[in-house]
Amino acid sequence: MSFRRRITIASAAAVAVAVVLASLLIYVLTSDQLHKQVDAQLTHRGAEAKVLTSALERQGTGKAGASRRARLRRAVERALGPPAGGSATTGTRKAATKARSRSGNIFGNLPPGPDEVRGYQQVIDAGGTILDRSARGVSLPVEARTRALAKKGGSSFFRDAHVGGTHLRILAEPLGTGRAVQLAQPLTEVDSLLSRLRLILVLLDVGGIALAALLGRLVAGAAVQPLKRLTQATEHVALTQDLSGRIQPSGEDELGRLATSFNAMLDALESSMGALDASVHAQRQLVADASHELRTPVTSVRTNIEILQQSGQEMDPVEHRRLLSDVVEQIEELTLLINDLIELARGEEPRVDVEELRLDLLVSEVIERAHRRSQTTPFDAQLQPTFVTGVPSRLERAIGNLIDNAVKYSPTGEPVEIRLHDGMLTVRDHGPGIAAEDLPHIFDRFYRGAEARGRPGSGLGLAIVRQVAIQQGGSIAAEPAPSGGTLMRLTIPGTEAVADAEEAQPLYERSPA
């Protein structure tokens, strides 16, 4: 079942419940009001019967009782109207009419006047015997409660009954000692009105529910339109892998925020996919470049070893030593290349061995090692005592590559100038410099300019420097030095100069040898 259909059914069901409850409330209130009106009329009519109390108390038996019974009948006729179907004198009819006009009596057997309703009444004794009734062909049902009321007295009560197919509302009241009067009024009009009201309410309920379903469908269609656009966008992404599509938010409600979140997710996914594609491309390029770079030293080592193997003892000792020296040099170059590849491959991995260290001391150690390897190159170093947080091995490798690169291009006897101040490490050589066309690419993997192609190296040293700088949140840049040579600037953020005089000690300085 679609979401739109569920919304339509839910809204129609809610309206249906509300309409049905409202209809039931209207019906109950209307029925209660109509029955209260009938009860009020019966109560008013019952008050007229009180005039019989004194007469009934004085009635007896025998001929005297029969005489009093006749007088009682006339009193009943005066108070309640003549019996139905019986004859009445003109005086009696006029008396009854006067009594009705005076008391509002609506139960008379005479033709009712305006706003009057025909009713029935009868008087019973404690045994349930009917002493008198207004309609001779109609007897109201006498149950145990009515007999108890006639015998013991008590409070009046109402009840419903069906007599001769007519629905009646009956009021029973005590009438003196050992008597009770029953006053009944047909509920035909009330039942007819309630029946019509039920039909009207049912039609209203059906029409209201149908209208609610129609309007609910329209409202649901408008409500799910943003979801429909969102669904279409997700399906488009799933089918085409196109992450460029976006959804226009329709507002600041939940659906609008959902569209905004979906767009943000697409932005993040597009960025991740771009980074992933770039990473895959870089990996493929690294593998291709590594294969190309490894092929040459491996082929050279293999060739030299084959020559040594084939020549055996017949080779000149000098040539033999030269070939062995070439093999050792090529193996060292191959080892350096493999180490650089491993460092580049592991560079993207998160490191947990981060610690706070003295950057100036780390640079001084690298300078000492470089000086031992190249005795002919002097070093001019001025290092400010500085704390930094990072991975010591990576920082050491990056700084070592910078200094080795400067030593490689420095002429014999020319110093390499090294400065550390305010989180910036600068390394300058006095070599031939970098060509303008090579300057934008010197930090790319395996890139070697025209000046570097005849020199040893894998073309990965400066690429490692850039990778470490990025991991530290810093940067690396190269530029021509003012008076010749190349100036490298490694910026490392988060450094802090040593403030404590005991910790700081003097600035590290190393003058050219």
# chains A, B, ... in the order shown; residues from 1 in each chain; ligands from 1

$ select_by_dssp --residues "region 225-467 of chain A" --states "strand (DSSP E or B)" --output "PyMOL selection string"
chain A and resi 355-358+379-383+386-390+416-421+424-428

$ residues_around --residues "region 398-407 of chain A" --least-positions-apart "5" --cutoff "7 Å" --atoms "only C-alpha atoms" --output "MDAnalysis selection string"
chainID A and resid 363 366 370 377 416 427:429 461:462 464:465 468

$ write_last_selection --atoms "N, CA and C atoms" --output "PDB file, in the first residue's frame"
ATOM      1  N   VAL A 363      65.621  18.458  13.929  1.00  0.00           N
ATOM      2  CA  VAL A 363      66.303  18.976  12.746  1.00  0.00           C
ATOM      3  C   VAL A 363      67.818  18.874  12.915  1.00  0.00           C
ATOM      4  N   VAL A 366      68.993  15.391  12.125  1.00  0.00           N
ATOM      5  CA  VAL A 366      69.009  15.135  10.684  1.00  0.00           C
ATOM      6  C   VAL A 366      70.224  15.799  10.045  1.00  0.00           C
ATOM      7  N   ALA A 370      73.235  14.015   7.855  1.00  0.00           N
ATOM      8  CA  ALA A 370      73.555  14.485   6.507  1.00  0.00           C
ATOM      9  C   ALA A 370      75.019  14.911   6.412  1.00  0.00           C
ATOM     10  N   THR A 377      79.992  19.123   2.144  1.00  0.00           N
ATOM     11  CA  THR A 377      78.931  20.143   2.122  1.00  0.00           C
ATOM     12  C   THR A 377      78.819  20.770   3.495  1.00  0.00           C
ATOM     13  N   VAL A 416      74.605  24.724   2.742  1.00  0.00           N
ATOM     14  CA  VAL A 416      73.148  24.549   2.781  1.00  0.00           C
ATOM     15  C   VAL A 416      72.651  25.324   4.006  1.00  0.00           C
ATOM     16  N   VAL A 427      64.971  25.682   3.916  1.00  0.00           N
ATOM     17  CA  VAL A 427      66.206  25.012   3.485  1.00  0.00           C
ATOM     18  C   VAL A 427      66.593  25.604   2.136  1.00  0.00           C
ATOM     19  N   ARG A 428      67.811  26.164   2.066  1.00  0.00           N
ATOM     20  CA  ARG A 428      68.260  26.801   0.822  1.00  0.00           C
ATOM     21  C   ARG A 428      69.569  26.185   0.370  1.00  0.00           C
ATOM     22  N   ASP A 429      69.634  25.936  -0.924  1.00  0.00           N
ATOM     23  CA  ASP A 429      70.889  25.493  -1.526  1.00  0.00           C
ATOM     24  C   ASP A 429      71.374  26.568  -2.500  1.00  0.00           C
ATOM     25  N   GLY A 461      61.084  11.682  -3.062  1.00  0.00           N
ATOM     26  CA  GLY A 461      61.465  12.351  -1.820  1.00  0.00           C
ATOM     27  C   GLY A 461      60.612  13.567  -1.521  1.00  0.00           C
ATOM     28  N   LEU A 462      60.471  14.485  -2.483  1.00  0.00           N
ATOM     29  CA  LEU A 462      59.673  15.684  -2.248  1.00  0.00           C
ATOM     30  C   LEU A 462      58.182  15.368  -2.171  1.00  0.00           C
ATOM     31  N   ILE A 464      57.006  12.796  -0.652  1.00  0.00           N
ATOM     32  CA  ILE A 464      56.838  12.407   0.748  1.00  0.00           C
ATOM     33  C   ILE A 464      56.802  13.644   1.632  1.00  0.00           C
ATOM     34  N   VAL A 465      57.622  14.642   1.327  1.00  0.00           N
ATOM     35  CA  VAL A 465      57.614  15.885   2.102  1.00  0.00           C
ATOM     36  C   VAL A 465      56.236  16.545   2.037  1.00  0.00           C
ATOM     37  N   VAL A 468      53.670  14.562   4.194  1.00  0.00           N
ATOM     38  CA  VAL A 468      53.831  14.787   5.634  1.00  0.00           C
ATOM     39  C   VAL A 468      53.339  16.179   6.011  1.00  0.00           C
TER      40      VAL A 468
END

$ residues_around --residues "Pro249 (chain A)" --least-positions-apart "6" --cutoff "10 Å" --atoms "only C-alpha atoms" --output "PDB file with C-alpha atoms, in the first residue's frame"
ATOM      1  CA  PRO A 226       8.177  16.338  -1.766  1.00  0.00           C
ATOM      2  CA  LEU A 255       9.928  17.512   4.616  1.00  0.00           C
ATOM      3  CA  GLY A 256      11.953  20.642   3.886  1.00  0.00           C
ATOM      4  CA  ARG A 257      14.591  19.614   6.416  1.00  0.00           C
ATOM      5  CA  LEU A 258      14.556  16.116   4.929  1.00  0.00           C
ATOM      6  CA  ALA A 259      15.247  17.561   1.459  1.00  0.00           C
ATOM      7  CA  THR A 260      18.039  19.721   2.882  1.00  0.00           C
ATOM      8  CA  SER A 261      19.552  16.704   4.665  1.00  0.00           C
ATOM      9  CA  PHE A 262      19.295  14.652   1.480  1.00  0.00           C
ATOM     10  CA  ASN A 263      21.083  17.379  -0.483  1.00  0.00           C
TER      11      ASN A 263
END

$ select_by_dssp --residues "region 318-502 of chain A" --states "alpha helix (DSSP H)" --output "number ranges by chain"
A: 318-346, 359-373, 392-409, 461-471, 501-502

$ closest_residue --among "A:His44, A:Arg397, A:Arg145, A:Arg198" --to "Thr30 (chain A)" --atoms "only C-alpha atoms"
A:Arg198

$ atom_distance --atom1 "CA of Val190 (chain A)" --atom2 "CA of Ser31 (chain A)"
8.0 Å

$ closest_residue --among "A:Ser364, A:Ser410, A:Ser23, A:Gln37" --to "Leu383 (chain A)" --atoms "only C-alpha atoms"
A:Ser364

$ residues_around --residues "Thr491 (chain A)" --least-positions-apart "5" --cutoff "8 Å" --atoms "only C-alpha atoms" --output "number ranges by chain"
A: 423-425, 469, 474-476

$ atom_distance --atom1 "CA of Phe443 (chain A)" --atom2 "CA of Asn339 (chain A)"
17.4 Å

$ residues_around --residues "region 118-122 of chain A" --least-positions-apart "2" --cutoff "6 Å" --atoms "only C-alpha atoms" --output "VMD selection string"
chain A and resid 107 132 to 134 181 to 185

$ write_last_selection --atoms "N, CA and C atoms" --output "short mmCIF file (atom, residue, chain, number, x, y, z; two decimals), in the first residue's frame"
data_model
loop_
_atom_site.label_atom_id
_atom_site.label_comp_id
_atom_site.auth_asym_id
_atom_site.auth_seq_id
_atom_site.Cartn_x
_atom_site.Cartn_y
_atom_site.Cartn_z
N PHE A 107 -54.20 15.66 28.08
CA PHE A 107 -54.54 14.25 27.96
C PHE A 107 -56.03 14.00 27.77
N ASP A 132 -60.55 3.11 36.80
CA ASP A 132 -61.08 3.96 35.73
C ASP A 132 -60.00 4.20 34.70
N ARG A 133 -60.41 4.50 33.46
CA ARG A 133 -59.47 4.80 32.40
C ARG A 133 -60.13 5.74 31.41
N SER A 134 -59.31 6.48 30.70
CA SER A 134 -59.86 7.48 29.79
C SER A 134 -60.29 6.87 28.47
N VAL A 181 -52.20 6.56 39.80
CA VAL A 181 -52.67 6.99 38.49
C VAL A 181 -51.53 6.80 37.49
N GLN A 182 -51.91 6.33 36.31
CA GLN A 182 -50.96 6.16 35.21
C GLN A 182 -51.33 7.12 34.09
N LEU A 183 -50.38 7.92 33.71
CA LEU A 183 -50.57 8.90 32.64
C LEU A 183 -49.64 8.54 31.50
N ALA A 184 -50.20 8.38 30.32
CA ALA A 184 -49.41 7.93 29.17
C ALA A 184 -49.55 8.91 28.01
N GLN A 185 -48.48 9.03 27.27
CA GLN A 185 -48.50 9.90 26.08
C GLN A 185 -47.78 9.16 24.95
#
